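First comes the structure, then the notes that go with it.
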Amino acid sequence: MTAETVNSTPIELTTEEIFAAHEGGKLAIGLTAPLNDKRDLSIAYTPGVAQVSRAIHAEPELAQKYTWASRLVAVVSDGTAVLGLGNIGASASLPVMEGKAALFKKFAGLDSIPLVIESTDVDEIVETVVRLRSSFGAVNLEDISAPRCFEIEERLIEALDMPVMHDDQHGTAVVVLAALTNAAKFVQRELSSLKVVISGAGAAGIAVAEILLTAGISDVTILDSKGIIHSDRQDLTGIKATYAERTNPRGTTGGSAEALNGADVFVGVSAGTIPEEQLAGMSEDAIVFALSNPDPEVHPEIASRYAKVVATGRSDFPNQINNVLAFPGIFRGALASGAKKITPEMKVAAAQAIADIAASDLSADYIVPSPLDPRVAPAVTAAVSAVADASKA
């Protein structure tokens with residue numbers, strides 16, 4: 001597959017076709033065993049099924065072989081941070097969670113079930129998912145607002161003996177690292193030498209910072225709504241305080257103008273905007289990832305005046321940073337290898353696998369493959385499985 005050219009014309013959608021496609025939902029359950037006669041019924045249900053239940057009672061690990069749990073992902077949300085819509089509640093989030101489940105099936109062959117929870121209480125959400133633990137093999141947390149999402153993910157990872165990942169955090173981070181790996185190659189820079197500014201200290205921003213630090217980029221600066229996160233700020237608590245100690249090694253203070261002065265990379269994962277004149281202060285051959293949807297922090301046409309590589313979260317501009325490049329393969333690789341956790345090493349390996357697919361055809365408009373590229377999910381699956389298998393050796 002060769003590098004793609006940008007389709008600058010937005011896809012025209014009508015209200016009628018959108019609602020028609022969602023009528024009755026986007027998911028259904030299908031059969032994997034026949035139910036055509038009494039014999040089939042006796043095998044799939046009573047009396048035959050009792051033998052399987054007895055076996056699992058005696059050896060609980062057999063549930064992974066004789067139920068769908070080993071390939072079932074629970075897509076869990078409380079509806080507090082849905083797309084660009086904000087806190088719209090559990091019921092209104094369900095079409096999005098159905099869509100996520102559909103992507104799991106399409107790109108990784110994994111069954112998944114949306115679970116939208118009518119609570120925003122951290123304890124209640126964790127307890128609900130833990131009580132359902134025998135029903136699935138992995139948990140994809142989705143559209144849960146920060147900072148609650150950090151605690152929910154951490155507690156579920158601790159409580160559940162299965163892969164758990166908040167995709168808004170880590171799916172975004174994996175694809176950002178993949179794109180930045182190739183962007184650095186295109187501008188002939190070492191990844192570790194880059195000075196990176198991240199606008200946004202929510203779920204995605206913190207996860208992007210973490211994966212870049214893990215990948216060896218030491219000069220990372222994070223901006224929140226009040227400016228640069230640094231260790232002398234007195235208003236920082238929780239995870240922001242933690243990252244004030246781990247980032248901004250040059251001790252920069254101020255706002256976006258000070259942060260971007262001399263920076264090599266801008267990663268926007270906030271609802272803010274960046275004035276054009278601030279981009280002019282970035283280094284030569286700068287890289288700009290303006291990822292907010294539907295309105296990027298800076299329009300790609302403006303960013304291109306100052307940056308050699310520009311990416312967005314939108315499909316109608318080049319270099320779409322899309323989570324679907326990451327999460328299907330990550331979960332499939334983790335489940336296939338029997339991994340109990342999705343580790344930082346797995347995420348970095350997934351990013352490298354995504355980057356490798358586009359590496360041979362690099363251009364300013366092609367630093368990541370298309371979300372529809374059929375090579376992506378198998379490559380990510382293999383990379384994640386290899387890391388998981390190596391950790392067992």
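We name chains A, B, ... following the order of the structure tokens; residues begin at 1 in each chain, and ligands are numbered from 1 as shown.
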
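All residues within region 241-277 of chain A that the backbone DSSP calculation assigns to strand (DSSP E) are Val265, Phe266, Val267 and Gly268 of chain A.
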
With N, CA and C atoms retained, export the selected residues as a compact mmCIF listing (two decimals), in the first residue's frame.
```txt
# COMPACT_ATOMS: atom_id res chain seq x y z
N VAL A 265 7.95 20.30 18.99
CA VAL A 265 6.69 19.58 18.78
C VAL A 265 5.60 20.21 19.62
N PHE A 266 4.43 20.38 19.02
CA PHE A 266 3.23 20.75 19.75
C PHE A 266 2.21 19.63 19.60
N VAL A 267 1.67 19.15 20.72
CA VAL A 267 0.61 18.15 20.72
C VAL A 267 -0.59 18.75 21.44
N GLY A 268 -1.67 19.00 20.71
CA GLY A 268 -2.86 19.58 21.30
C GLY A 268 -3.93 18.54 21.56
```

7 Å contact set for region 197-202 of chain A, only C-alpha atoms, chain neighbours under 5 positions out, as a short mmCIF file (atom, residue, chain, number, x, y, z; two decimals) with N, CA, C and O atoms, in the first residue's frame:
```cif
data_model
loop_
_atom_site.label_atom_id
_atom_site.label_comp_id
_atom_site.auth_asym_id
_atom_site.auth_seq_id
_atom_site.Cartn_x
_atom_site.Cartn_y
_atom_site.Cartn_z
N ALA A 146 -11.78 13.08 33.34
CA ALA A 146 -10.64 13.22 34.24
C ALA A 146 -11.04 14.18 35.38
O ALA A 146 -11.88 15.06 35.19
N PRO A 147 -10.45 14.00 36.56
CA PRO A 147 -9.40 13.04 36.91
C PRO A 147 -9.92 11.68 37.37
O PRO A 147 -9.14 10.80 37.70
N VAL A 220 9.66 17.20 28.03
CA VAL A 220 8.21 17.26 27.83
C VAL A 220 7.64 18.33 28.75
O VAL A 220 7.93 18.33 29.96
N THR A 221 6.85 19.24 28.19
CA THR A 221 6.20 20.29 28.96
C THR A 221 4.69 20.19 28.77
O THR A 221 4.23 20.05 27.63
N ILE A 222 3.95 20.25 29.86
CA ILE A 222 2.49 20.11 29.81
C ILE A 222 1.85 21.45 30.17
O ILE A 222 2.26 22.11 31.13
N LEU A 223 0.82 21.81 29.40
CA LEU A 223 0.02 23.00 29.69
C LEU A 223 -1.37 22.60 30.14
O LEU A 223 -1.98 21.71 29.55
N ASP A 224 -1.86 23.24 31.20
CA ASP A 224 -3.28 23.12 31.52
C ASP A 224 -3.93 24.48 31.30
O ASP A 224 -3.32 25.39 30.70
N ALA A 259 6.01 28.30 26.52
CA ALA A 259 6.24 26.87 26.31
C ALA A 259 6.66 26.58 24.87
O ALA A 259 7.55 25.75 24.62
N LEU A 260 6.04 27.26 23.91
CA LEU A 260 6.30 26.98 22.50
C LEU A 260 7.56 27.64 21.97
O LEU A 260 8.03 27.27 20.89
N ALA A 263 10.30 25.25 20.95
CA ALA A 263 9.84 23.86 20.99
C ALA A 263 9.89 23.23 19.60
O ALA A 263 9.73 23.91 18.58
N VAL A 265 7.95 20.30 18.99
CA VAL A 265 6.69 19.58 18.78
C VAL A 265 5.60 20.21 19.62
O VAL A 265 5.80 20.50 20.81
N PHE A 266 4.43 20.38 19.02
CA PHE A 266 3.23 20.75 19.75
C PHE A 266 2.21 19.63 19.60
O PHE A 266 1.91 19.20 18.48
N VAL A 267 1.67 19.15 20.72
CA VAL A 267 0.61 18.15 20.72
C VAL A 267 -0.59 18.75 21.44
O VAL A 267 -0.54 19.01 22.65
N GLY A 268 -1.67 19.00 20.71
CA GLY A 268 -2.86 19.58 21.30
C GLY A 268 -3.93 18.54 21.56
O GLY A 268 -4.38 17.88 20.63
N VAL A 269 -4.29 18.38 22.81
CA VAL A 269 -5.39 17.47 23.19
C VAL A 269 -6.30 18.20 24.18
O VAL A 269 -6.72 17.65 25.19
N SER A 270 -6.58 19.44 23.86
CA SER A 270 -7.43 20.26 24.71
C SER A 270 -8.42 20.99 23.82
O SER A 270 -8.37 20.89 22.60
#
```

Query raised in the report: Could you pull the residues within 9 Å of Asp168 (chain A), counting only C-alpha atoms, minus those fewer than 2 positions along the same chain, as number ranges by chain?
Result: A: 141-144, 165-166, 170-173, 203-204, 207, 323

Requested in this report: Could you give me, as a list in words, the residues within 8 Å of Phe331 (chain A), counting only C-alpha atoms and dropping anything in the same chain fewer than 5 positions from it?
Outcome: Ala138, Pro163 and Thr381 of chain A

The selected residues should be written to file as a PDB file, in the first residue's frame (atoms: N, CA and C atoms).
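Output contents, as saved in out_29.pdb:
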```
ATOM      1  N   ALA A 138     -11.733  -8.774  29.147  1.00  0.00           N
ATOM      2  CA  ALA A 138     -10.962  -7.537  29.147  1.00  0.00           C
ATOM      3  C   ALA A 138     -11.926  -6.361  29.289  1.00  0.00           C
ATOM      4  N   PRO A 163      -6.763  -7.769  31.111  1.00  0.00           N
ATOM      5  CA  PRO A 163      -6.363  -6.486  30.522  1.00  0.00           C
ATOM      6  C   PRO A 163      -7.428  -5.410  30.743  1.00  0.00           C
ATOM      7  N   THR A 381      -1.320  -6.550  16.926  1.00  0.00           N
ATOM      8  CA  THR A 381      -1.575  -7.787  17.667  1.00  0.00           C
ATOM      9  C   THR A 381      -0.288  -8.575  17.868  1.00  0.00           C
TER      10      THR A 381
END
```

Query raised in the report: How would you write, as a ChimeraX atom specification, the set of residues in region 19-179 of chain A that DSSP gives as alpha helix (DSSP H)?
Result: /A:19-22,38-44,48-58,63-66,90-108,122-131,148-159,167-179

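Reported to one decimal place, the separation of CA of Gly216 (chain A) from CA of Glu151 (chain A) is 25.4 Å.
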
Query - Lys308 (chain A) surroundings by only C-alpha atoms, 8 Å radius, close-in-sequence under 2 positions cut, as a PyMOL selection string - result: chain A and resi 187+285-287+304+306+310+364
